[in-house]
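Report on one structure; see the data block that follows.
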Amino acid sequence: MSEGLMAVQLLGFGSPLLDIVIDGDQELLDRFGLKADSCVHASGDLLSIFDHVAVTYQDTIHYTPGGATLNTIRVAQWCLDIPGSTAVIGCLSNDEFGKTVAAEMEKAGVKCFFQIKNERPTGTCLAICTENNRSLVTHGGAAELFSHDYLDQAQTQEVIQEAKYYYCSGFTLIHCPDGVHRLAVQTSKAKEKVFSLNLASVNICKKYANHLQSLMPFIDVLFGNGEEVDEFIQICGFKVHSRAEAAILLSKWEVSGEHRMPRVVVVTQGEKPALFVQAGCVQEFPPMSISPDQLVDTNGAGDAFVGGFLASLIEDGEPIRAVASGHFAANAVIKERGCTLPTKIPKPGA
């Protein structure tokens with residue numbers, strides 16, 4: 001291994017998308033029947049919104065590699081700050097958007113293992129920012145064509161074996177639930193490996209609850225925001241009186257295979273303190289403060305939190321100390337447009 005490079009520590013498996021970020025307005029939302037703070041999958045007439053914004057907002061549009069998993073891995077790579085310490089698996093097309101995603105990820109220091117499917121264009125996620133809200137419109141494109149047998153290829157298996165930490169967003173369950181399950185089961189057979197998953201959205205908790213429940217025994221670190229945890233607990237049939245109680249129940253879910261540590265559950269709550277639960281103990285960690293004039297865009301803040309958390313866990317090995325790093329990374333991202341990172345890592349407290 002050459003100087004300045006390290007073995008892959010963190011491997012993400014998800015849906016590569018090109019994020020398209022614009023500053024929109026209520027007129028645009030009304031025209032396409034969108035809400036100010038929502039996430040919908042584009043189909044039918046809504047597909048025309050991508051061509052519309054490409055023309056109407058061509059002077060201010062902002063493109064970045066995206067998709068929840070790629071956002072998290074890119075942030076973790078930024079925090080670790082050693083090229084090649086992270087990698088990502090997914091599917092995209094060999095079109096211009098796909099080439100942009102791959103080039104920008106590699107430029108960020110992330111090793112890319114992308115299956116190429118040209119039957120559809122590279123997936124996209126449009127983020128319409130209005131004040132402090134954002135409306136997301138996604139189109140999976142080639143990401144939806146990922147075939148889990150790609151996980152069996154020699155180079156893919158090599159990076160899976162090499163990594164020690166693994167991350168999937170719940171969104172990956174939409175296109176490749178079998179692949180997520182295979183990765184979770186495979187990593188659970190080695191005690192030194194850590195598998196983490198994000199509940200991703202309320203809709204994922206509703207539509208893919210059975211998949212999430214089947215994955216729970218293999219999860220070492222579970223992330224979710226308050227609304228997602230509320231929904232998942234309700235669908236699972238648990239009766240609780242607080243989110244803290246819900247997080248404790250999730251932390252005590254049955255386990256299968258080898259596990260390096262008791263399961264960790266982290267619940268983010270926006271401006272309220274994040275909940276950290278391990279071994280039945282709940283602790284609260286307030287986010288870093290930010291002045292209104294510094295706040296640019298909350299899109300990608302949750303993904304950034306996970307990236308910062310996992311980077312700290314890799315470096316330090318102590319989950320409870322990783323929450324502060326999660327808040328730090330999220331605080332850096334919300335000062336930028338989209339899930340964009342400063343060129344240099346600011347010092348904590350700066």
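Labels for the structure tokens follow display order: chains A, B, ..., residues from 1 in each chain, ligands from 1.
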
Exercise for review: From a DSSP pass on the backbone, collect the residues of region 66-251 of chain A flagged as strand (DSSP E) and hand them back as a ChimeraX atom specification.
Suggested key: /A:66,86-92,110-116,123-130,133-139,165-169,194-198,221-225

Please produce a file of the residues just selected, as a CSV table (one decimal), in the first residue's frame, where the atoms kept are N, CA and C atoms.
chain,number,residue,atom,x,y,z
A,66,GLY,N,-24.7,12.4,-4.9
A,66,GLY,CA,-25.7,12.3,-3.9
A,66,GLY,C,-26.3,10.9,-3.7
A,86,THR,N,-12.3,5.0,2.6
A,86,THR,CA,-13.7,4.6,2.4
A,86,THR,C,-14.0,4.1,1.0
A,87,ALA,N,-15.1,3.4,0.8
A,87,ALA,CA,-15.4,2.9,-0.5
A,87,ALA,C,-17.0,2.8,-0.6
A,88,VAL,N,-17.5,2.7,-1.8
A,88,VAL,CA,-18.9,2.6,-2.0
A,88,VAL,C,-19.2,1.7,-3.2
A,89,ILE,N,-20.3,0.9,-3.0
A,89,ILE,CA,-20.8,0.0,-4.0
A,89,ILE,C,-22.2,0.5,-4.4
A,90,GLY,N,-22.5,0.5,-5.7
A,90,GLY,CA,-23.8,0.9,-6.2
A,90,GLY,C,-23.9,0.7,-7.7
A,91,CYS,N,-24.9,1.3,-8.4
A,91,CYS,CA,-25.1,1.1,-9.8
A,91,CYS,C,-25.4,2.5,-10.4
A,92,LEU,N,-24.8,2.8,-11.5
A,92,LEU,CA,-25.1,4.0,-12.3
A,92,LEU,C,-24.9,3.7,-13.8
A,110,VAL,N,-12.8,8.7,-2.2
A,110,VAL,CA,-13.6,7.4,-2.0
A,110,VAL,C,-13.3,6.5,-3.2
A,111,LYS,N,-13.0,5.2,-2.8
A,111,LYS,CA,-12.9,4.2,-3.9
A,111,LYS,C,-14.3,3.7,-4.3
A,112,CYS,N,-14.5,3.7,-5.6
A,112,CYS,CA,-15.8,3.4,-6.2
A,112,CYS,C,-15.8,2.0,-6.9
A,113,PHE,N,-16.9,1.3,-6.5
A,113,PHE,CA,-17.2,0.0,-7.1
A,113,PHE,C,-18.6,0.0,-7.7
A,114,PHE,N,-18.7,0.6,-8.9
A,114,PHE,CA,-20.0,0.9,-9.5
A,114,PHE,C,-20.3,-0.1,-10.6
A,115,GLN,N,-21.4,-0.8,-10.4
A,115,GLN,CA,-21.9,-1.7,-11.5
A,115,GLN,C,-22.5,-0.7,-12.6
A,116,ILE,N,-22.2,-1.0,-13.9
A,116,ILE,CA,-22.7,-0.1,-14.9
A,116,ILE,C,-23.9,-0.7,-15.6
A,123,GLY,N,-29.3,7.9,-11.8
A,123,GLY,CA,-30.4,8.4,-10.9
A,123,GLY,C,-30.1,9.8,-10.5
A,124,THR,N,-31.2,10.6,-10.1
A,124,THR,CA,-31.1,11.9,-9.7
A,124,THR,C,-31.9,12.2,-8.5
A,125,CYS,N,-31.5,13.2,-7.7
A,125,CYS,CA,-32.4,13.7,-6.6
A,125,CYS,C,-32.4,15.2,-6.7
A,126,LEU,N,-33.6,15.8,-6.9
A,126,LEU,CA,-33.8,17.2,-7.0
A,126,LEU,C,-34.1,17.7,-5.6
A,127,ALA,N,-33.4,18.7,-5.1
A,127,ALA,CA,-33.7,19.3,-3.8
A,127,ALA,C,-34.1,20.7,-4.1
A,128,ILE,N,-35.3,21.0,-3.8
A,128,ILE,CA,-35.9,22.4,-3.9
A,128,ILE,C,-35.9,23.0,-2.5
A,129,CYS,N,-35.0,24.0,-2.4
A,129,CYS,CA,-34.8,24.7,-1.1
A,129,CYS,C,-35.7,25.9,-1.0
A,130,THR,N,-36.6,26.0,0.0
A,130,THR,CA,-37.4,27.2,0.2
A,130,THR,C,-37.3,27.5,1.7
A,133,ASN,N,-36.7,24.9,4.5
A,133,ASN,CA,-37.3,23.6,4.1
A,133,ASN,C,-36.7,23.1,2.8
A,134,ARG,N,-36.8,21.8,2.6
A,134,ARG,CA,-36.4,21.3,1.3
A,134,ARG,C,-37.4,20.2,0.9
A,135,SER,N,-37.7,20.3,-0.4
A,135,SER,CA,-38.6,19.2,-1.0
A,135,SER,C,-37.7,18.4,-2.0
A,136,LEU,N,-37.7,17.1,-1.7
A,136,LEU,CA,-36.9,16.2,-2.5
A,136,LEU,C,-37.7,15.4,-3.5
A,137,VAL,N,-37.2,15.4,-4.8
A,137,VAL,CA,-37.9,14.6,-5.8
A,137,VAL,C,-36.8,13.7,-6.4
A,138,THR,N,-37.0,12.4,-6.2
A,138,THR,CA,-35.9,11.4,-6.6
A,138,THR,C,-36.4,10.6,-7.8
A,139,HIS,N,-35.4,10.2,-8.6
A,139,HIS,CA,-35.6,9.3,-9.7
A,139,HIS,C,-34.5,8.3,-9.7
A,165,TYR,N,-16.0,-1.7,8.7
A,165,TYR,CA,-17.3,-1.0,9.0
A,165,TYR,C,-18.1,-0.9,7.7
A,166,TYR,N,-19.4,-1.1,7.9
A,166,TYR,CA,-20.3,-1.1,6.8
A,166,TYR,C,-21.5,-0.3,7.0
A,167,TYR,N,-22.0,0.4,6.0
A,167,TYR,CA,-23.2,1.3,6.1
A,167,TYR,C,-24.1,1.2,4.9
A,168,CYS,N,-25.4,1.1,5.3
A,168,CYS,CA,-26.5,1.1,4.3
A,168,CYS,C,-27.5,2.1,4.7
A,169,SER,N,-28.0,2.9,3.8
A,169,SER,CA,-29.2,3.7,4.1
A,169,SER,C,-30.4,2.8,3.8
A,194,VAL,N,-18.4,-4.2,11.9
A,194,VAL,CA,-19.6,-3.5,12.4
A,194,VAL,C,-20.5,-3.1,11.3
A,195,PHE,N,-21.8,-3.5,11.4
A,195,PHE,CA,-22.8,-3.2,10.4
A,195,PHE,C,-23.7,-2.1,10.9
A,196,SER,N,-23.9,-1.1,10.1
A,196,SER,CA,-24.8,0.0,10.5
A,196,SER,C,-25.8,0.3,9.5
A,197,LEU,N,-26.9,0.8,9.9
A,197,LEU,CA,-28.1,1.1,9.0
A,197,LEU,C,-28.8,2.3,9.4
A,198,ASN,N,-29.3,3.0,8.5
A,198,ASN,CA,-30.2,4.2,8.8
A,198,ASN,C,-31.6,3.9,8.4
A,221,VAL,N,-25.1,-0.7,14.7
A,221,VAL,CA,-25.4,0.7,15.0
A,221,VAL,C,-26.6,1.1,14.1
A,222,LEU,N,-27.7,1.5,14.8
A,222,LEU,CA,-28.9,1.9,14.1
A,222,LEU,C,-29.1,3.4,14.2
A,223,PHE,N,-29.3,4.1,13.1
A,223,PHE,CA,-29.5,5.5,13.1
A,223,PHE,C,-31.0,5.8,12.6
A,224,GLY,N,-31.5,6.9,13.1
A,224,GLY,CA,-32.8,7.3,12.6
A,224,GLY,C,-33.2,8.6,13.3
A,225,ASN,N,-34.0,9.4,12.6
A,225,ASN,CA,-34.5,10.6,13.3
A,225,ASN,C,-35.8,10.3,14.1

**Study point:** Residues near region 251-262 of chain A, cut-off 12 Å, only C-alpha atoms, skip fewer than 3 positions along chain, as a ChimeraX atom specification
**Key:** /A:164-165,184-196,212-223,229,233,236,238,244-248,265-267,275-282,313,317-320

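Interatomic distance, CA of Val8 (chain A) to CA of Ser85 (chain A): 4.4 Å.
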
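For Gln58 (chain A), the list of residues within 10 Å, based on only C-alpha atoms and with local chain neighbours fewer than 5 positions off taken out, reads Ile22, His52 and Val53 of chain A.
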
Saved selection, atoms kept: all heavy atoms, as a PDB file, in the first residue's frame:
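Contents of out_16.pdb, as written:
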ATOM      1  N   ILE A  22     -31.503  23.460  -5.981  1.00  0.00           N
ATOM      2  CA  ILE A  22     -31.894  24.791  -6.436  1.00  0.00           C
ATOM      3  C   ILE A  22     -32.592  25.538  -5.294  1.00  0.00           C
ATOM      4  O   ILE A  22     -33.114  24.927  -4.365  1.00  0.00           O
ATOM      5  CB  ILE A  22     -32.870  24.740  -7.642  1.00  0.00           C
ATOM      6  CG1 ILE A  22     -34.182  24.044  -7.259  1.00  0.00           C
ATOM      7  CG2 ILE A  22     -32.218  24.062  -8.836  1.00  0.00           C
ATOM      8  CD1 ILE A  22     -35.280  24.208  -8.288  1.00  0.00           C
ATOM      9  N   HIS A  52     -37.550  20.918 -16.542  1.00  0.00           N
ATOM     10  CA  HIS A  52     -37.991  22.281 -16.239  1.00  0.00           C
ATOM     11  C   HIS A  52     -36.931  23.045 -15.447  1.00  0.00           C
ATOM     12  O   HIS A  52     -36.567  24.176 -15.803  1.00  0.00           O
ATOM     13  CB  HIS A  52     -39.303  22.240 -15.461  1.00  0.00           C
ATOM     14  CG  HIS A  52     -39.764  23.595 -14.989  1.00  0.00           C
ATOM     15  ND1 HIS A  52     -40.384  24.493 -15.829  1.00  0.00           N
ATOM     16  CD2 HIS A  52     -39.677  24.197 -13.771  1.00  0.00           C
ATOM     17  CE1 HIS A  52     -40.663  25.599 -15.149  1.00  0.00           C
ATOM     18  NE2 HIS A  52     -40.247  25.445 -13.903  1.00  0.00           N
ATOM     19  N   VAL A  53     -36.407  22.445 -14.381  1.00  0.00           N
ATOM     20  CA  VAL A  53     -35.426  23.163 -13.557  1.00  0.00           C
ATOM     21  C   VAL A  53     -34.090  23.298 -14.269  1.00  0.00           C
ATOM     22  O   VAL A  53     -33.364  24.274 -14.057  1.00  0.00           O
ATOM     23  CB  VAL A  53     -35.240  22.485 -12.176  1.00  0.00           C
ATOM     24  CG1 VAL A  53     -36.551  22.434 -11.412  1.00  0.00           C
ATOM     25  CG2 VAL A  53     -34.644  21.096 -12.313  1.00  0.00           C
TER      26      VAL A  53
END

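Checking A:Thr268, A:Ser312, A:Gln294, A:Gln283 one by one against Leu10 (chain A), counting only C-alpha atoms, you find the shortest gap at A:Ser312.
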
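Minimum atom-to-atom distance to Leu70 (chain A), evaluated using only C-alpha atoms, belongs to A:Leu17 out of A:Ala322, A:Val55, A:Leu17, A:Cys176.
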
Exercise for review: Find the residues around Ser93 (chain A) up to 10 Å (only C-alpha atoms counted), leave out those fewer than 4 positions away in its own chain, and share them as a PyMOL selection string.
Suggested key: chain A and resi 16+97-99+114-123+141-143+145

Exercise for review: Just the residues within 9 Å of region 327-342 of chain A, please, counting only C-alpha atoms, with nothing from its chain fewer than 3 positions along; format it as a PyMOL selection string.
Suggested key: chain A and resi 19-22+62-66+71+74-76+78-79+127+274+285-290+294-309+322-324+345-346+348

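As for CA of Glu271 (chain A) and CA of Ile174 (chain A), they are spaced 29.1 Å apart.
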
Study note, to complete from the structure: Residue with the minimum atom-to-atom distance to Ala200 (chain A), picked from A:Gly326, A:Gly14, A:Gly109, A:Pro83 with only C-alpha atoms counted, is A:Gly14

Practice item. From the DSSP assignment of the backbone, select every residue of region 122-229 of chain A that is helix (DSSP H, G or I), and format the answer as number ranges by chain. Key: A: 141-145, 148-152, 154-162, 172-175, 177-188, 202-207, 209-218, 226-229
